[in-house]
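Take a look at the structure set out below.
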Amino acid sequence: MPGDETERINLIVLFGGQSAEHDVSCTTAAHVLAAADPAKYDITPIGISTDGQWALADGALAALRRGPNALPSQLDPSGSDVSPTPMLASASDAPGQTVVMPLLHGPMGEDGTVQGLLELSGLAYVGAGVLGSAVAMDKAMAKQVCTAAGIAQARYRAFAEHELTPALAQDIADDLGLPAFVKPANMGSSIGVSKASTVEELRDAIDLALSYDEMIVVEEAVVGKEIEVAVLGNTDPQAATPGEIVPGDDFYSYEDKYISDRSYAVIPAPIGEAALAEAKELAIATFRTLRCDGLARVDFFWEDPSTQINGRPGRGFLLNEVNTMPGFTPISMFPKMWIADGVSYPEIIDRLVDLAIERHGRRRRNTAH
């Protein structure tokens with residue numbers, strides 16, 4: 001067992017990163033380091049700055065040595081410079097089992113880039129592989145794949161920056177109706193997301209989203225509950241009891257998630273036992289469709305089929321998006337849902353490490369010839 005002194009696991013925690021979700025990652029990492037069992041893991045915190053510089057997070061390491069209560073609420077990614085390739089190669093050659101937790105949100109971390117580096121380094125790592133990470137990160141591609149799999153979604157339009165024309169905003173408004181939501185395809189934490197109620201607002205929202213990504217997704221506004229499902233597993237994924245997010249803002253924005261503290265969660269979501277079971281089944285089906293591993297948070301809109309919405313019956317569950325590295329902050333839904341099901345925060349970390357080791361062993365069997 002990992003608790004045996006001779007079988008302690010070398011746990012490398014990557015955090016920070018170059019995306020607009022840098023600060024969220026630093027907060028996530030602080031709480032993971034505080035919860036990881038020091039009897040099981042030798043932890044090495046590696047920070048990545050917004051300009052891509054990797055460093056041994058000396059401050060976090062010193063705080064860890066004083067005990068988890070000494071850790072700040074947000075880690076500082078700066079410290080002694082390290083070069084990624086030699087550091088990971090050295091970790092791969094180290095005695096015992098090494099596992100990397102890439103607690104990176106958004107582009108250049110959650111999108112398959114770092115996962116590819118870890119694959120080349122021969123290291124076990126937490127979360128989805130290159131394909132699952134890349135497809136789930138790109139909302140436009142994920143929607144295409146899930147449409148092909150028959151998973152119901154809100155009506156949407158996706159396009160690249162070079163496809164933008166003066167008439168496109170009006171065309172989208174005529175197609176999807178207003179209000180509509182505009183999102184960068186490759187971003188999370190609701191960064192760059194806007195609600196547009198007029199064609200002029202739609203044009204401005206597209207311009208904002210294009211400042212984050214060259215691919216844009218525009219979705220119809222859905223009148224329904226926001227339901228989230230936490231999934232853990234590899235080949236046999238399990239879903240926690242779904243929860244509902246009740247936003248305090250006009251929608252579940254970045255400020256609503258991390259600043260204002262007006263939103264709140266209801267677990268289990270108040271949608272009835274049958275709908276809760278359906279949400280879990282759909283989350284697992286989506287997890288498998290997008291080739292996820294380890295963990296994911298699968299988000300849905302729920303239109304109650306027993307009610308009338310704009311003169312038609314509710315459509316039930318509509319997939320919103322899949323997050324392959326959900327946040328682990330105190331207000332994050334992923335740990336909240338598992339904790340509500342009796343799985344503690346440290347146990348979540350242990351399961352993720354075990355799943356990383358299992359997946360790595362399985363992958364090595366198929367790639368090491």
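FYI, nothing fancy with the structure tokens labels: chains A, B, ... in order, residues from 1 per chain, ligands from 1 as they appear.
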
Which polymer residues have any atom within 6 Å of an atom of segment 303-320 of chain A, counting only C-alpha atoms, with same-chain residues fewer than 3 positions away left out, as a tab-separated table (two decimals) with C-alpha atoms, in the first residue's frame?
chain	number	residue	atom	x	y	z
A	152	ALA	CA	-28.57	16.07	-26.74
A	153	GLN	CA	-27.26	19.64	-26.60
A	154	ALA	CA	-28.53	23.19	-26.89
A	224	GLY	CA	-33.52	25.57	-17.09
A	299	ASP	CA	-22.29	20.01	-16.92
A	300	PHE	CA	-25.86	19.94	-18.18

Sort by chain and increasing residue number a table of all residues of segment 282-368 of chain A within 12 Å of segment 178-197 of chain A, each with its closest pair of atoms and their distance in Å to one decimal, counting only C-alpha atoms, and write it as a Markdown table.
| residue | atom | partner | partner_atom | distance |
| --- | --- | --- | --- | --- |
| A:Asn320 | CA | A:Phe181 | CA | 11.5 |
| A:Glu321 | CA | A:Gly188 | CA | 9.7 |
| A:Val322 | CA | A:Gly188 | CA | 9.9 |
| A:Asn323 | CA | A:Gly188 | CA | 7.9 |
| A:Thr324 | CA | A:Gly188 | CA | 10.4 |
| A:Met325 | CA | A:Gly188 | CA | 9.9 |
| A:Pro326 | CA | A:Ser189 | CA | 9.2 |
| A:Gly327 | CA | A:Ser189 | CA | 8.9 |
| A:Ser332 | CA | A:Ser189 | CA | 10.8 |

Checklist entry - Between A:Asp51, A:Asp23, A:Asp81, A:Asp171, which has the minimum distance to Leu104 of chain A (counting only C-alpha atoms)? => result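 Ranked by minimum distance to Leu104 of chain A, first place goes to A:Asp23.
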
Checklist entry - Which residue, A:Trp54, A:Ile339, A:Phe328, A:Glu201, has the smallest gap to Thr241 of chain A when you use only C-alpha atoms? => result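 The shortest atom-to-atom distance to Thr241 of chain A comes from A:Ile339.
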
Checklist entry - Counting only C-alpha atoms, which of A:Leu120, A:Leu295, A:Ala20, A:Leu61 gets nearest to Pro107 of chain A? => result A:Ala20

Next on the checklist: From a backbone DSSP assignment, name each residue in segment 30-81 of chain A labelled strand (DSSP E), as a ChimeraX atom specification.
Outcome noted: /A:41-48,54-56,80-81

Would you save the residues from that selection as a compact mmCIF listing (two decimals), in the first residue's frame, using N, CA, C and O atoms?
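Everything below was put into result36.txt:
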# COMPACT_ATOMS: atom_id res chain seq x y z
N TYR A 41 2.72 10.49 0.39
CA TYR A 41 3.29 11.18 -0.77
C TYR A 41 4.49 12.06 -0.40
O TYR A 41 4.46 12.77 0.61
N ASP A 42 5.51 11.99 -1.24
CA ASP A 42 6.59 12.98 -1.23
C ASP A 42 6.23 13.99 -2.33
O ASP A 42 6.29 13.66 -3.52
N ILE A 43 5.85 15.19 -1.93
CA ILE A 43 5.26 16.15 -2.86
C ILE A 43 6.31 17.15 -3.35
O ILE A 43 7.06 17.72 -2.56
N THR A 44 6.33 17.35 -4.66
CA THR A 44 7.18 18.36 -5.28
C THR A 44 6.27 19.34 -6.03
O THR A 44 5.71 18.99 -7.07
N PRO A 45 6.10 20.56 -5.53
CA PRO A 45 5.25 21.53 -6.23
C PRO A 45 6.05 22.29 -7.30
O PRO A 45 7.08 22.89 -7.01
N ILE A 46 5.58 22.21 -8.53
CA ILE A 46 6.23 22.89 -9.66
C ILE A 46 5.28 23.95 -10.20
O ILE A 46 4.18 23.63 -10.67
N GLY A 47 5.69 25.21 -10.10
CA GLY A 47 4.87 26.30 -10.61
C GLY A 47 5.24 26.66 -12.02
O GLY A 47 6.41 26.56 -12.43
N ILE A 48 4.25 27.07 -12.80
CA ILE A 48 4.47 27.53 -14.17
C ILE A 48 3.95 28.96 -14.24
O ILE A 48 2.78 29.23 -13.95
N TRP A 54 9.04 27.38 -15.83
CA TRP A 54 8.82 26.38 -14.79
C TRP A 54 9.78 26.63 -13.63
O TRP A 54 10.93 27.04 -13.84
N ALA A 55 9.28 26.39 -12.41
CA ALA A 55 10.12 26.63 -11.24
C ALA A 55 9.70 25.70 -10.11
O ALA A 55 8.51 25.34 -9.99
N LEU A 56 10.67 25.31 -9.28
CA LEU A 56 10.34 24.64 -8.03
C LEU A 56 9.75 25.70 -7.11
O LEU A 56 10.39 26.71 -6.82
N SER A 80 12.93 28.52 -7.68
CA SER A 80 14.16 28.14 -8.38
C SER A 80 13.81 27.58 -9.76
O SER A 80 13.05 26.62 -9.88
N ASP A 81 14.38 28.18 -10.79
CA ASP A 81 14.06 27.78 -12.16
C ASP A 81 14.42 26.31 -12.40
O ASP A 81 15.46 25.82 -11.94

Report the closest atom pair, with its distance in Å rounded to one decimal, for each residue of segment 291-338 of chain A that has an atom no farther than 7 Å from segment 228-234 of chain A; count only C-alpha atoms, sort by chain and then rising residue number, and write it as CSV.
residue,atom,partner,partner_atom,distance
A:Asp293,CA,A:Asn234,CA,4.7
A:Gly294,CA,A:Gly233,CA,4.9
A:Leu295,CA,A:Leu232,CA,4.6
A:Ala296,CA,A:Val231,CA,5.3
A:Arg297,CA,A:Ala230,CA,4.6
A:Val298,CA,A:Val229,CA,5.2
A:Asp299,CA,A:Glu228,CA,4.4
A:Phe300,CA,A:Glu228,CA,6.1
A:Phe334,CA,A:Ala230,CA,5.3
A:Met337,CA,A:Ala230,CA,6.5

Just to be explicit: take each residue in the selection above, keep N, CA and C atoms, and write the result as a short mmCIF file (atom, residue, chain, number, x, y, z; two decimals), in the first residue's frame.
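Below is the file part13.cif, written as the result:
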data_model
loop_
_atom_site.label_atom_id
_atom_site.label_comp_id
_atom_site.auth_asym_id
_atom_site.auth_seq_id
_atom_site.Cartn_x
_atom_site.Cartn_y
_atom_site.Cartn_z
N ASP A 293 -10.43 10.19 -18.83
CA ASP A 293 -9.86 9.26 -17.85
C ASP A 293 -9.69 10.01 -16.54
N GLY A 294 -9.72 9.25 -15.45
CA GLY A 294 -9.44 9.84 -14.15
C GLY A 294 -10.60 10.59 -13.56
N LEU A 295 -10.84 11.75 -14.09
CA LEU A 295 -11.89 12.60 -13.54
C LEU A 295 -12.44 13.54 -14.59
N ALA A 296 -13.63 14.01 -14.35
CA ALA A 296 -14.23 15.08 -15.16
C ALA A 296 -15.46 15.58 -14.43
N ARG A 297 -15.80 16.80 -14.68
CA ARG A 297 -17.09 17.35 -14.26
C ARG A 297 -17.90 17.59 -15.52
N VAL A 298 -19.07 16.95 -15.59
CA VAL A 298 -19.92 17.03 -16.78
C VAL A 298 -21.11 17.92 -16.44
N ASP A 299 -21.27 18.99 -17.21
CA ASP A 299 -22.29 20.01 -16.92
C ASP A 299 -23.44 19.93 -17.91
N PHE A 300 -24.66 20.00 -17.37
CA PHE A 300 -25.86 19.94 -18.18
C PHE A 300 -26.78 21.13 -17.87
N PHE A 334 -16.80 19.83 -7.98
CA PHE A 334 -16.31 18.45 -8.09
C PHE A 334 -16.08 17.81 -6.72
N MET A 337 -19.45 17.40 -4.57
CA MET A 337 -20.37 16.31 -4.89
C MET A 337 -19.88 14.99 -4.35
#

Checklist outcome for this item: Ala89 of chain A proximity check over A:Glu110, A:Leu123, A:Arg359, A:Gln74, using only C-alpha atoms: winner is A:Leu123

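For Thr329 of chain A, the set of protein, DNA and RNA residues having any atom at most 10 Å away, when counting only C-alpha atoms and skipping those fewer than 6 positions along the same chain, is A:Val24, A:Ser25, A:Cys26, A:Thr27, A:Thr28, A:Ala29, A:Ala30, A:His31, A:Val32, A:Ser73, A:Gln74, A:Tyr258, A:Pro335, A:Lys336.
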
Those same residues, written as a short mmCIF file (atom, residue, chain, number, x, y, z; two decimals), in the first residue's frame with N, CA, C and O atoms?
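Written out: part_34.cif:
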data_model
loop_
_atom_site.label_atom_id
_atom_site.label_comp_id
_atom_site.auth_asym_id
_atom_site.auth_seq_id
_atom_site.Cartn_x
_atom_site.Cartn_y
_atom_site.Cartn_z
N VAL A 24 -6.76 30.61 -10.76
CA VAL A 24 -7.63 29.51 -10.30
C VAL A 24 -6.78 28.27 -10.03
O VAL A 24 -6.96 27.57 -9.02
N SER A 25 -5.82 28.00 -10.90
CA SER A 25 -4.94 26.84 -10.74
C SER A 25 -4.10 26.96 -9.47
O SER A 25 -3.93 25.97 -8.73
N CYS A 26 -3.59 28.15 -9.19
CA CYS A 26 -2.78 28.35 -7.98
C CYS A 26 -3.60 28.12 -6.72
O CYS A 26 -3.08 27.62 -5.71
N THR A 27 -4.88 28.47 -6.76
CA THR A 27 -5.77 28.23 -5.63
C THR A 27 -6.08 26.73 -5.50
O THR A 27 -6.06 26.16 -4.40
N THR A 28 -6.39 26.10 -6.64
CA THR A 28 -6.64 24.66 -6.64
C THR A 28 -5.46 23.90 -6.02
O THR A 28 -5.64 23.04 -5.16
N ALA A 29 -4.26 24.24 -6.45
CA ALA A 29 -3.06 23.53 -5.99
C ALA A 29 -2.86 23.68 -4.48
O ALA A 29 -2.43 22.74 -3.81
N ALA A 30 -3.16 24.85 -3.95
CA ALA A 30 -2.98 25.06 -2.51
C ALA A 30 -3.83 24.09 -1.71
O ALA A 30 -3.37 23.52 -0.70
N HIS A 31 -5.05 23.87 -2.14
CA HIS A 31 -5.95 23.00 -1.39
C HIS A 31 -5.61 21.52 -1.59
O HIS A 31 -5.78 20.71 -0.67
N VAL A 32 -5.10 21.17 -2.77
CA VAL A 32 -4.67 19.79 -2.99
C VAL A 32 -3.45 19.48 -2.13
O VAL A 32 -3.38 18.42 -1.49
N SER A 73 -3.63 30.33 0.91
CA SER A 73 -4.83 29.96 0.16
C SER A 73 -4.56 29.90 -1.35
O SER A 73 -5.33 29.28 -2.09
N GLN A 74 -3.48 30.53 -1.79
CA GLN A 74 -3.10 30.51 -3.20
C GLN A 74 -1.59 30.39 -3.29
O GLN A 74 -0.87 31.18 -2.68
N TYR A 258 -15.86 32.83 -8.43
CA TYR A 258 -14.66 32.99 -7.62
C TYR A 258 -14.57 34.27 -6.80
O TYR A 258 -13.68 34.39 -5.96
N PRO A 335 -15.26 18.40 -5.85
CA PRO A 335 -15.10 17.78 -4.53
C PRO A 335 -16.37 17.81 -3.70
O PRO A 335 -16.63 16.88 -2.92
N LYS A 336 -17.15 18.88 -3.83
CA LYS A 336 -18.38 18.97 -3.04
C LYS A 336 -19.31 17.79 -3.30
O LYS A 336 -19.91 17.23 -2.37
#

Hey, what's within 9 Å of Asp37 of chain A if we count only C-alpha atoms and toss same-chain stuff fewer than 2 positions away? As a tab-separated table (two decimals) with all heavy atoms, in the first residue's frame, please?
chain	number	residue	atom	x	y	z
A	3	GLY	N	0.88	3.76	1.85
A	3	GLY	CA	1.29	4.23	3.16
A	3	GLY	C	2.57	3.57	3.66
A	3	GLY	O	3.21	4.06	4.58
A	33	LEU	N	-2.49	20.38	-2.08
A	33	LEU	CA	-1.30	20.16	-1.25
A	33	LEU	C	-1.67	20.04	0.22
A	33	LEU	O	-1.11	19.21	0.95
A	33	LEU	CB	-0.30	21.31	-1.44
A	33	LEU	CG	0.87	21.03	-2.39
A	33	LEU	CD1	0.37	20.78	-3.81
A	33	LEU	CD2	1.85	22.19	-2.39
A	34	ALA	N	-2.65	20.84	0.66
A	34	ALA	CA	-3.05	20.79	2.06
A	34	ALA	C	-3.75	19.48	2.41
A	34	ALA	O	-3.68	19.01	3.56
A	34	ALA	CB	-3.97	21.96	2.38
A	35	ALA	N	-4.41	18.87	1.43
A	35	ALA	CA	-5.19	17.65	1.70
A	35	ALA	C	-4.43	16.36	1.44
A	35	ALA	O	-4.80	15.32	1.99
A	35	ALA	CB	-6.46	17.66	0.83
A	39	ALA	N	1.86	11.05	4.74
A	39	ALA	CA	2.37	9.70	5.02
A	39	ALA	C	2.44	8.86	3.76
A	39	ALA	O	3.11	7.83	3.74
A	39	ALA	CB	1.46	9.02	6.05
A	40	LYS	N	1.76	9.29	2.69
A	40	LYS	CA	1.73	8.52	1.45
A	40	LYS	C	2.56	9.15	0.33
A	40	LYS	O	3.02	8.45	-0.57
A	40	LYS	CB	0.29	8.39	0.96
A	40	LYS	CG	-0.64	7.63	1.87
A	40	LYS	CD	-2.06	7.57	1.29
A	40	LYS	CE	-3.00	6.82	2.20
A	40	LYS	NZ	-4.38	6.79	1.66
A	41	TYR	N	2.72	10.49	0.39
A	41	TYR	CA	3.29	11.18	-0.77
A	41	TYR	C	4.49	12.06	-0.40
A	41	TYR	O	4.46	12.77	0.61
A	41	TYR	CB	2.23	12.07	-1.42
A	41	TYR	CG	0.96	11.34	-1.77
A	41	TYR	CD1	-0.23	11.59	-1.08
A	41	TYR	CD2	0.93	10.38	-2.78
A	41	TYR	CE1	-1.40	10.91	-1.39
A	41	TYR	CE2	-0.23	9.70	-3.10
A	41	TYR	CZ	-1.39	9.96	-2.40
A	41	TYR	OH	-2.55	9.29	-2.70
A	346	PRO	N	-9.16	14.01	0.93
A	346	PRO	CA	-7.94	13.18	0.76
A	346	PRO	C	-8.20	11.89	0.00
A	346	PRO	O	-7.33	11.43	-0.77
A	346	PRO	CB	-7.49	12.91	2.20
A	346	PRO	CG	-8.04	14.06	2.99
A	346	PRO	CD	-9.36	14.35	2.36
A	349	ILE	N	-8.10	12.48	-3.73
A	349	ILE	CA	-6.72	12.55	-4.21
A	349	ILE	C	-6.13	11.15	-4.35
A	349	ILE	O	-5.49	10.82	-5.37
A	349	ILE	CB	-5.86	13.42	-3.28
A	349	ILE	CG1	-6.37	14.87	-3.31
A	349	ILE	CG2	-4.39	13.35	-3.67
A	349	ILE	CD1	-5.72	15.76	-2.29
A	350	ASP	N	-6.34	10.29	-3.34
A	350	ASP	CA	-5.83	8.92	-3.41
A	350	ASP	C	-6.40	8.18	-4.62
A	350	ASP	O	-5.67	7.45	-5.32
A	350	ASP	CB	-6.18	8.16	-2.13
A	350	ASP	CG	-5.42	8.68	-0.91
A	350	ASP	OD1	-4.43	9.41	-1.09
A	350	ASP	OD2	-5.84	8.34	0.21

Next on the checklist: Taking the DSSP secondary structure from the backbone, can you list the residues of segment 97-141 of chain A that are alpha helix (DSSP H), as a ChimeraX atom specification?
Outcome noted: /A:113-121,130-137,139-141

Expected file contents, prior selection, all heavy atoms, as a compact mmCIF listing (two decimals), in the first residue's frame:
# COMPACT_ATOMS: atom_id res chain seq x y z
N THR A 113 -1.62 19.57 -24.30
CA THR A 113 -0.23 19.97 -24.52
C THR A 113 0.69 19.40 -23.45
O THR A 113 1.67 18.71 -23.75
CB THR A 113 -0.12 21.51 -24.57
OG1 THR A 113 -0.79 22.05 -23.43
CG2 THR A 113 -0.76 22.07 -25.83
N VAL A 114 0.38 19.66 -22.20
CA VAL A 114 1.18 19.13 -21.10
C VAL A 114 1.04 17.62 -21.02
O VAL A 114 2.01 16.90 -20.71
CB VAL A 114 0.78 19.81 -19.77
CG1 VAL A 114 1.37 19.06 -18.57
CG2 VAL A 114 1.26 21.25 -19.75
N GLN A 115 -0.15 17.11 -21.33
CA GLN A 115 -0.35 15.66 -21.32
C GLN A 115 0.58 14.98 -22.31
O GLN A 115 1.13 13.90 -22.03
CB GLN A 115 -1.81 15.34 -21.63
CG GLN A 115 -2.80 15.67 -20.51
CD GLN A 115 -3.06 17.15 -20.34
OE1 GLN A 115 -2.78 17.96 -21.23
NE2 GLN A 115 -3.61 17.53 -19.20
N GLY A 116 0.78 15.58 -23.48
CA GLY A 116 1.72 15.03 -24.45
C GLY A 116 3.14 15.01 -23.93
O GLY A 116 3.88 14.04 -24.13
N LEU A 117 3.53 16.09 -23.24
CA LEU A 117 4.87 16.15 -22.65
C LEU A 117 5.05 15.04 -21.62
O LEU A 117 6.09 14.38 -21.56
CB LEU A 117 5.08 17.52 -22.00
CG LEU A 117 6.38 17.73 -21.24
CD1 LEU A 117 7.59 17.57 -22.16
CD2 LEU A 117 6.38 19.11 -20.58
N LEU A 118 4.02 14.80 -20.82
CA LEU A 118 4.10 13.76 -19.79
C LEU A 118 4.13 12.36 -20.40
O LEU A 118 4.81 11.46 -19.89
CB LEU A 118 2.94 13.91 -18.80
CG LEU A 118 2.92 15.22 -18.01
CD1 LEU A 118 1.64 15.33 -17.18
CD2 LEU A 118 4.15 15.35 -17.14
N GLU A 119 3.39 12.18 -21.50
CA GLU A 119 3.46 10.90 -22.21
C GLU A 119 4.87 10.65 -22.72
O GLU A 119 5.42 9.54 -22.57
CB GLU A 119 2.47 10.89 -23.39
CG GLU A 119 1.01 10.86 -23.00
CD GLU A 119 0.52 9.47 -22.60
OE1 GLU A 119 1.31 8.51 -22.64
OE2 GLU A 119 -0.66 9.35 -22.25
N LEU A 120 5.49 11.66 -23.33
CA LEU A 120 6.84 11.50 -23.85
C LEU A 120 7.85 11.26 -22.73
O LEU A 120 8.88 10.61 -22.95
CB LEU A 120 7.24 12.75 -24.65
CG LEU A 120 6.52 12.95 -25.98
CD1 LEU A 120 6.88 14.31 -26.58
CD2 LEU A 120 6.88 11.83 -26.96
N SER A 121 7.54 11.77 -21.54
CA SER A 121 8.44 11.59 -20.40
C SER A 121 8.26 10.23 -19.74
O SER A 121 9.03 9.88 -18.85
CB SER A 121 8.20 12.70 -19.37
OG SER A 121 8.42 13.98 -19.94
N VAL A 130 -4.02 12.73 -23.99
CA VAL A 130 -3.88 13.79 -24.99
C VAL A 130 -5.19 14.00 -25.75
O VAL A 130 -5.69 15.13 -25.86
CB VAL A 130 -2.74 13.46 -25.97
CG1 VAL A 130 -2.67 14.50 -27.09
CG2 VAL A 130 -1.40 13.37 -25.24
N LEU A 131 -5.77 12.93 -26.27
CA LEU A 131 -6.98 13.06 -27.08
C LEU A 131 -8.16 13.57 -26.26
O LEU A 131 -8.81 14.54 -26.65
CB LEU A 131 -7.34 11.71 -27.72
CG LEU A 131 -8.61 11.71 -28.56
CD1 LEU A 131 -8.47 12.65 -29.75
CD2 LEU A 131 -8.95 10.30 -29.02
N GLY A 132 -8.42 12.93 -25.12
CA GLY A 132 -9.55 13.35 -24.31
C GLY A 132 -9.42 14.78 -23.83
O GLY A 132 -10.40 15.54 -23.83
N SER A 133 -8.22 15.17 -23.44
CA SER A 133 -7.99 16.54 -22.98
C SER A 133 -8.24 17.54 -24.10
O SER A 133 -8.91 18.56 -23.92
CB SER A 133 -6.56 16.69 -22.45
OG SER A 133 -6.33 15.86 -21.33
N ALA A 134 -7.68 17.25 -25.28
CA ALA A 134 -7.79 18.19 -26.40
C ALA A 134 -9.24 18.33 -26.88
O ALA A 134 -9.72 19.45 -27.12
CB ALA A 134 -6.90 17.73 -27.55
N VAL A 135 -9.93 17.22 -27.02
CA VAL A 135 -11.30 17.28 -27.54
C VAL A 135 -12.24 17.96 -26.54
O VAL A 135 -13.04 18.81 -26.91
CB VAL A 135 -11.82 15.87 -27.89
CG1 VAL A 135 -13.29 15.92 -28.28
CG2 VAL A 135 -11.00 15.28 -29.03
N ALA A 136 -12.14 17.61 -25.27
CA ALA A 136 -13.02 18.21 -24.27
C ALA A 136 -12.73 19.70 -24.09
O ALA A 136 -13.64 20.49 -23.85
CB ALA A 136 -12.88 17.48 -22.94
N MET A 137 -11.46 20.10 -24.23
CA MET A 137 -11.11 21.50 -24.07
C MET A 137 -11.72 22.37 -25.15
O MET A 137 -12.17 23.49 -24.90
CB MET A 137 -9.58 21.65 -24.10
CG MET A 137 -9.08 23.07 -23.83
SD MET A 137 -9.10 23.51 -22.09
CE MET A 137 -10.38 24.75 -22.08
N LYS A 139 -14.57 23.35 -27.10
CA LYS A 139 -16.03 23.19 -27.02
C LYS A 139 -16.65 22.93 -28.38
O LYS A 139 -17.62 22.18 -28.50
CB LYS A 139 -16.66 24.41 -26.38
CG LYS A 139 -16.25 24.64 -24.93
CD LYS A 139 -16.89 25.91 -24.38
CE LYS A 139 -16.46 26.16 -22.94
NZ LYS A 139 -15.02 26.49 -22.83
N ALA A 140 -16.11 23.54 -29.43
CA ALA A 140 -16.65 23.33 -30.76
C ALA A 140 -16.46 21.88 -31.21
O ALA A 140 -17.40 21.24 -31.72
CB ALA A 140 -16.00 24.29 -31.76
N MET A 141 -15.27 21.33 -31.01
CA MET A 141 -15.01 19.95 -31.39
C MET A 141 -15.78 18.98 -30.51
O MET A 141 -16.32 17.97 -30.99
CB MET A 141 -13.51 19.67 -31.33
CG MET A 141 -13.12 18.28 -31.84
SD MET A 141 -13.67 17.98 -33.54
CE MET A 141 -12.65 19.18 -34.42

Next on the checklist: My list of candidates is A:Cys292, A:Val217, A:Val99, A:Ile331. Which is closest to Asp236 of chain A when distances are computed with only C-alpha atoms?
Outcome noted: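 Looking at the shortest contact to Asp236 of chain A, the residue is A:Cys292.
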
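Here atom CA of Ala60 of chain A and atom CA of Asp76 of chain A stand 7.1 Å from one another.
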